[in-house]
file input_39.csv (CSV, C-alpha atoms)
chain,number,residue,atom,x,y,z
A,1,MET,CA,-48.2,157.6,-30.3
A,2,PRO,CA,-50.9,159.9,-31.8
A,3,THR,CA,-49.9,161.7,-35.0
A,4,LYS,CA,-51.8,164.1,-37.3
A,5,MET,CA,-51.5,166.3,-40.3
A,6,LEU,CA,-52.4,169.9,-39.6
A,7,GLN,CA,-53.1,173.1,-41.4
A,8,ILE,CA,-51.6,176.2,-39.7
A,9,PRO,CA,-52.8,179.6,-40.7
A,10,THR,CA,-50.0,181.9,-41.8
A,11,ALA,CA,-49.7,185.4,-43.3
A,12,ASP,CA,-49.4,183.8,-46.8
A,13,GLY,CA,-52.0,181.0,-46.5
A,14,GLN,CA,-52.1,177.6,-44.8
A,15,ALA,CA,-48.9,175.6,-43.9
A,16,ASP,CA,-49.3,171.9,-43.7
A,17,ALA,CA,-47.5,170.2,-40.8
A,18,PHE,CA,-47.0,166.9,-39.1
A,19,ALA,CA,-47.4,166.6,-35.3
A,20,ALA,CA,-46.6,163.8,-32.9
A,21,PHE,CA,-47.4,163.8,-29.1
A,22,PRO,CA,-48.0,161.4,-26.2
A,23,ASP,CA,-51.4,159.8,-25.9
A,24,ASN,CA,-52.0,160.4,-22.2
A,25,GLY,CA,-54.4,163.3,-22.1
A,26,GLU,CA,-51.8,165.6,-20.5
A,27,ARG,CA,-50.2,168.8,-21.8
A,28,HIS,CA,-46.5,168.6,-22.9
A,29,PRO,CA,-43.8,171.1,-23.8
A,30,GLY,CA,-43.8,172.1,-27.4
A,31,VAL,CA,-40.9,171.5,-29.8
A,32,LEU,CA,-40.8,173.1,-33.3
A,33,MET,CA,-38.7,170.7,-35.5
A,34,TYR,CA,-37.6,172.2,-38.7
A,35,PRO,CA,-36.8,169.5,-41.3
A,36,ASP,CA,-33.9,169.6,-43.8
A,37,GLY,CA,-34.5,170.8,-47.3
A,38,PHE,CA,-36.0,167.5,-48.3
A,39,GLY,CA,-38.9,168.2,-46.0
A,40,ILE,CA,-41.6,166.1,-44.3
A,41,ARG,CA,-41.1,162.4,-45.2
A,42,PRO,CA,-40.9,159.1,-43.3
A,43,VAL,CA,-37.6,159.7,-41.6
A,44,LEU,CA,-38.7,163.0,-40.2
A,45,ARG,CA,-42.0,161.5,-39.0
A,46,LYS,CA,-40.0,158.8,-37.3
A,47,MET,CA,-37.7,161.3,-35.6
A,48,ALA,CA,-40.7,163.4,-34.5
A,49,ARG,CA,-42.4,160.3,-33.0
A,50,GLU,CA,-39.2,159.3,-31.2
A,51,LEU,CA,-38.8,162.7,-29.6
A,52,ALA,CA,-42.5,162.8,-28.7
A,53,GLU,CA,-42.1,159.5,-26.8
A,54,HIS,CA,-39.9,161.4,-24.4
A,55,GLY,CA,-42.9,163.7,-23.4
A,56,TYR,CA,-43.0,166.4,-26.0
A,57,TYR,CA,-45.5,167.8,-28.6
A,58,VAL,CA,-43.4,167.9,-31.8
A,59,LEU,CA,-44.5,170.0,-34.7
A,60,VAL,CA,-42.8,169.5,-38.1
A,61,PRO,CA,-43.9,172.2,-40.7
A,62,ASN,CA,-43.7,172.0,-44.4
A,63,LEU,CA,-41.1,174.8,-45.1
A,64,PHE,CA,-42.2,175.2,-48.7
A,65,TYR,CA,-46.0,175.2,-48.3
A,66,ARG,CA,-46.2,178.3,-50.6
A,67,HIS,CA,-45.3,175.9,-53.4
A,68,GLY,CA,-47.7,173.1,-52.5
A,69,PRO,CA,-48.3,170.5,-49.8
A,70,ALA,CA,-45.6,168.1,-48.7
A,71,PRO,CA,-43.9,166.4,-50.4
A,72,VAL,CA,-43.4,169.5,-52.6
A,73,ILE,CA,-41.2,167.5,-54.9
A,74,GLU,CA,-41.1,163.8,-55.6
A,75,LEU,CA,-38.5,162.0,-53.5
A,76,PRO,CA,-37.1,158.5,-53.9
A,77,GLU,CA,-37.2,156.2,-50.9
A,78,HIS,CA,-33.4,156.6,-50.5
A,79,ILE,CA,-31.9,159.9,-51.5
A,80,GLY,CA,-28.5,158.6,-52.8
A,81,GLU,CA,-25.7,160.5,-54.3
A,82,GLU,CA,-26.8,159.5,-57.8
A,83,VAL,CA,-30.1,161.4,-57.4
A,84,ARG,CA,-29.0,164.4,-55.3
A,85,PRO,CA,-28.1,166.7,-58.2
A,86,GLU,CA,-31.5,166.3,-59.7
A,87,VAL,CA,-33.3,166.7,-56.4
A,88,PHE,CA,-31.3,169.8,-55.5
A,89,ALA,CA,-31.9,171.3,-58.9
A,90,GLN,CA,-35.6,171.3,-57.9
A,91,LEU,CA,-35.1,172.3,-54.3
A,92,MET,CA,-32.7,175.2,-54.7
A,93,PRO,CA,-35.3,177.7,-56.1
A,94,LEU,CA,-37.6,176.9,-53.2
A,95,ILE,CA,-34.7,177.4,-50.6
A,96,GLU,CA,-33.7,180.7,-52.2
A,97,ALA,CA,-37.3,181.9,-52.2
A,98,HIS,CA,-37.6,181.2,-48.5
A,99,THR,CA,-36.2,184.5,-47.4
A,100,ALA,CA,-35.4,185.5,-43.8
A,101,GLU,CA,-38.5,187.6,-43.8
A,102,ARG,CA,-40.6,184.6,-44.7
A,103,VAL,CA,-38.9,182.5,-42.1
A,104,ARG,CA,-39.7,185.0,-39.3
A,105,SER,CA,-43.3,185.4,-40.5
A,106,ASP,CA,-43.8,181.6,-40.6
A,107,ALA,CA,-42.1,181.2,-37.2
A,108,ASP,CA,-44.7,183.6,-35.7
A,109,ALA,CA,-47.4,181.4,-37.0
A,110,TYR,CA,-45.9,178.1,-35.9
A,111,LEU,CA,-45.2,179.4,-32.3
A,112,SER,CA,-48.7,181.0,-32.1
A,113,PHE,CA,-50.2,177.6,-33.1
A,114,LEU,CA,-48.2,175.8,-30.4
A,115,ALA,CA,-49.3,178.3,-27.8
A,116,THR,CA,-53.0,177.4,-28.6
A,117,GLU,CA,-52.9,173.7,-29.0
A,118,PRO,CA,-54.7,171.9,-26.2
A,119,GLU,CA,-52.0,169.2,-25.9
A,120,VAL,CA,-49.2,171.8,-25.5
A,121,GLY,CA,-48.4,173.0,-22.0
A,122,ALA,CA,-47.9,176.7,-21.0
A,123,GLY,CA,-44.3,177.9,-20.9
A,124,PRO,CA,-41.3,178.0,-23.2
A,125,VAL,CA,-40.7,175.9,-26.3
A,126,ALA,CA,-37.7,174.5,-28.0
A,127,VAL,CA,-36.7,174.7,-31.7
A,128,THR,CA,-34.6,172.1,-33.5
A,129,GLY,CA,-33.4,172.0,-37.1
A,130,TYR,CA,-31.5,170.0,-39.6
A,131,CYS,CA,-29.4,171.3,-42.5
A,132,ILE,CA,-31.2,174.5,-43.7
A,133,GLY,CA,-33.6,173.9,-40.8
A,134,GLY,CA,-30.8,174.6,-38.4
A,135,LEU,CA,-30.5,178.1,-39.7
A,136,LEU,CA,-34.3,178.5,-39.5
A,137,ALA,CA,-34.2,177.4,-35.9
A,138,MET,CA,-31.5,180.0,-35.2
A,139,ARG,CA,-33.6,182.7,-36.8
A,140,THR,CA,-36.7,181.6,-34.9
A,141,ALA,CA,-34.9,181.6,-31.5
A,142,ALA,CA,-33.4,185.0,-32.1
A,143,ALA,CA,-36.8,186.5,-33.1
A,144,HIS,CA,-38.6,185.0,-30.0
A,145,PRO,CA,-36.1,185.2,-27.1
A,146,GLY,CA,-38.9,185.2,-24.5
A,147,GLN,CA,-40.6,182.1,-25.9
A,148,VAL,CA,-37.7,179.8,-27.0
A,149,ALA,CA,-35.7,178.3,-24.2
A,150,ALA,CA,-33.7,175.7,-26.1
A,151,LEU,CA,-32.2,175.6,-29.6
A,152,ALA,CA,-30.5,172.7,-31.3
A,153,ALA,CA,-29.2,172.7,-34.8
A,154,PHE,CA,-27.5,169.8,-36.6
A,155,HIS,CA,-25.3,170.0,-39.7
A,156,GLY,CA,-26.8,173.4,-40.4
A,157,PRO,CA,-25.3,176.7,-41.8
A,158,VAL,CA,-25.8,178.4,-38.5
A,159,GLY,CA,-23.3,181.2,-39.0
A,160,VAL,CA,-24.7,182.6,-42.2
A,161,ASP,CA,-26.4,185.6,-40.6
A,162,GLY,CA,-23.3,186.6,-38.6
A,163,PRO,CA,-22.8,187.7,-35.0
A,164,ASP,CA,-25.8,190.0,-34.9
A,165,LEU,CA,-28.1,187.0,-34.9
A,166,PHE,CA,-26.2,185.3,-32.0
A,167,SER,CA,-26.5,188.5,-29.9
A,168,LYS,CA,-30.3,188.1,-29.8
A,169,LEU,CA,-30.2,184.5,-28.5
A,170,THR,CA,-31.3,183.9,-24.9
A,171,ALA,CA,-32.0,180.1,-25.4
A,172,GLN,CA,-29.6,177.4,-24.3
A,173,VAL,CA,-28.0,176.2,-27.5
A,174,HIS,CA,-26.4,173.0,-28.9
A,175,LEU,CA,-24.8,173.0,-32.3
A,176,GLY,CA,-23.8,169.6,-33.8
A,177,HIS,CA,-21.5,170.1,-36.9
A,178,ALA,CA,-20.5,167.7,-39.6
A,179,GLU,CA,-16.8,167.0,-39.8
A,180,GLY,CA,-17.2,167.6,-43.6
A,181,ASP,CA,-18.7,171.0,-43.0
A,182,MET,CA,-16.6,172.5,-40.3
A,183,THR,CA,-12.8,172.5,-39.7
A,184,PRO,CA,-11.5,172.7,-36.1
A,185,GLU,CA,-10.2,176.2,-36.9
A,186,ALA,CA,-13.6,177.4,-38.1
A,187,LEU,CA,-15.3,175.8,-35.0
A,188,GLY,CA,-12.9,177.8,-32.8
A,189,GLU,CA,-13.8,181.0,-34.6
A,190,LEU,CA,-17.6,180.3,-34.4
A,191,ASN,CA,-17.3,179.5,-30.7
A,192,GLN,CA,-15.4,182.7,-30.0
A,193,VAL,CA,-18.3,184.6,-31.6
A,194,LEU,CA,-20.8,182.7,-29.4
A,195,ASP,CA,-18.7,183.5,-26.4
A,196,ALA,CA,-18.6,187.2,-27.2
A,197,ALA,CA,-22.4,187.2,-27.7
A,198,GLY,CA,-22.9,185.7,-24.2
A,199,VAL,CA,-24.7,182.6,-25.5
A,200,GLY,CA,-25.0,179.6,-23.3
A,201,TYR,CA,-24.0,176.8,-25.6
A,202,THR,CA,-22.2,173.6,-26.6
A,203,SER,CA,-20.8,173.5,-30.1
A,204,GLU,CA,-18.9,170.5,-31.4
A,205,ILE,CA,-17.9,168.6,-34.5
A,206,TYR,CA,-19.4,165.1,-34.6
A,207,PRO,CA,-16.4,162.8,-35.5
A,208,GLY,CA,-16.4,161.0,-38.9
A,209,THR,CA,-19.5,162.8,-40.2
A,210,VAL,CA,-20.5,164.4,-43.5
A,211,HIS,CA,-23.3,166.9,-44.1
A,212,GLY,CA,-26.7,165.3,-43.4
A,213,PHE,CA,-25.5,162.7,-40.9
A,214,THR,CA,-28.8,162.4,-39.0
A,215,MET,CA,-30.9,161.4,-42.0
A,216,SER,CA,-31.2,157.6,-42.4
A,217,ASP,CA,-32.6,157.9,-45.9
A,218,THR,CA,-29.4,159.4,-47.3
A,219,ASP,CA,-25.9,158.2,-48.0
A,220,ALA,CA,-24.7,160.7,-45.4
A,221,PHE,CA,-26.3,158.8,-42.5
A,222,ASN,CA,-24.1,157.9,-39.6
A,223,PRO,CA,-25.8,155.8,-36.9
A,224,ALA,CA,-23.3,156.7,-34.2
A,225,ALA,CA,-23.7,160.4,-34.9
A,226,LEU,CA,-27.5,160.1,-34.7
A,227,ARG,CA,-27.2,158.5,-31.3
A,228,ARG,CA,-24.9,161.4,-30.3
A,229,HIS,CA,-27.5,163.8,-31.5
A,230,TRP,CA,-30.1,162.3,-29.2
A,231,ASP,CA,-27.6,162.2,-26.3
A,232,ARG,CA,-27.2,166.0,-26.7
A,233,LEU,CA,-30.7,166.9,-27.6
A,234,LEU,CA,-32.7,165.1,-24.9
A,235,PRO,CA,-30.8,166.5,-21.9
A,236,LEU,CA,-30.9,170.0,-23.3
A,237,LEU,CA,-34.7,169.8,-23.6
A,238,ASP,CA,-35.1,168.2,-20.2
A,239,ARG,CA,-33.0,171.0,-18.6
A,240,THR,CA,-34.7,173.9,-20.3
A,241,LEU,CA,-38.4,172.9,-20.6
A,242,ALA,CA,-38.8,171.4,-17.1
A,243,ASN,CA,-40.4,168.3,-18.7
A,244,SER,CA,-42.0,166.1,-16.1
call {"tool": "encode", "arguments": {"input": "input_39.csv", "output": "structure tokens"}}
result
Amino acid sequence: MPTKMLQIPTADGQADAFAAFPDNGERHPGVLMYPDGFGIRPVLRKMARELAEHGYYVLVPNLFYRHGPAPVIELPEHIGEEVRPEVFAQLMPLIEAHTAERVRSDADAYLSFLATEPEVGAGPVAVTGYCIGGLLAMRTAAAHPGQVAALAAFHGPVGVDGPDLFSKLTAQVHLGHAEGDMTPEALGELNQVLDAAGVGYTSEIYPGTVHGFTMSDTDAFNPAALRRHWDRLLPLLDRTLANS
């Protein structure tokens, strides 16, 4: 499985990114994978490679490239509860500085890059995201309705921007919520808003999960929920990207 580190030109400089793609000389649908706030690290590289094995060119950008190359902050091999307060104290200023305007500007650059990569086929792309990356995926899909055919967000604050964002979505959507983040009542309210906006979607709480359940280098990791994530994500991409 070929992988490489890239430099993507943006309005504010160069964003470093990780890419994984099949080694068969063919062109494949592009997937923009937004990491969680911890950024590009071994677990994200592994997930990108696993997705690429199914026939996709997967691009994982460093969200906080304006503050330096990944890893922007030093991370332990396992991000346990005992170190989370210290890690988040360093991350929160970066997250707060990553405004919606910056997200949209960077998304323009990432999607333009995918459109010109020789290993990426013509046609629509997908965006996926984890934690804060889920919100970034939503904003990207809403800003590029003609280019993004599929959107998947996991344990992300997807409702932060309100119904106006949902009304701009034309992508097919899957939202996988952590049980610790979303009550059944809140899920019902969110799904009603998605219905009213005319979004084609699935939206569900993954049983027995807490925030961050897909990430195997954290205490939140739930193996069964990660498998459920793949069981939802792969058919969505297969349906929408016409992957051969």
call {"tool": "residues_around", "arguments": {"input": "input_39.csv", "residues": "A:Asn191", "least_positions_apart": "3", "cutoff": "9 Å", "atoms": "only C-alpha atoms", "output": "PyMOL selection string"}}
result
chain A and resi 186-188+194-196+201-203
call {"tool": "write_last_selection", "arguments": {"input": "input_39.csv", "atoms": "C-alpha atoms", "output": "short mmCIF file (atom, residue, chain, number, x, y, z; two decimals), in the frame of the given file"}}
result
data_model
loop_
_atom_site.label_atom_id
_atom_site.label_comp_id
_atom_site.auth_asym_id
_atom_site.auth_seq_id
_atom_site.Cartn_x
_atom_site.Cartn_y
_atom_site.Cartn_z
CA ALA A 186 -13.60 177.40 -38.10
CA LEU A 187 -15.30 175.80 -35.00
CA GLY A 188 -12.90 177.80 -32.80
CA LEU A 194 -20.80 182.70 -29.40
CA ASP A 195 -18.70 183.50 -26.40
CA ALA A 196 -18.60 187.20 -27.20
CA TYR A 201 -24.00 176.80 -25.60
CA THR A 202 -22.20 173.60 -26.60
CA SER A 203 -20.80 173.50 -30.10
#
call {"tool": "closest_residue", "arguments": {"input": "input_39.csv", "among": "A:Pro235, A:Gly176, A:Pro145, A:Gly25", "to": "A:Tyr206", "atoms": "all atoms listed in the file"}}
result
A:Gly176
call {"tool": "atom_distance", "arguments": {"input": "input_39.csv", "atom1": "atom CA of A:Pro9", "atom2": "atom CA of A:Ala141"}}
result
20.2 Å
call {"tool": "residues_around", "arguments": {"input": "input_39.csv", "residues": "A:Gly37", "least_positions_apart": "5", "cutoff": "10 Å", "atoms": "all atoms listed in the file", "output": "PyMOL selection string"}}
result
chain A and resi 62-64+88+91-92+94-95+130-133
call {"tool": "residues_around", "arguments": {"input": "input_39.csv", "residues": "stretch 155-162 of chain A", "least_positions_apart": "3", "cutoff": "10 Å", "atoms": "all atoms listed in the file", "output": "ChimeraX atom specification"}}
result
/A:36,100,129-139,152,165-167,175-182,190,193,205-206,209-214
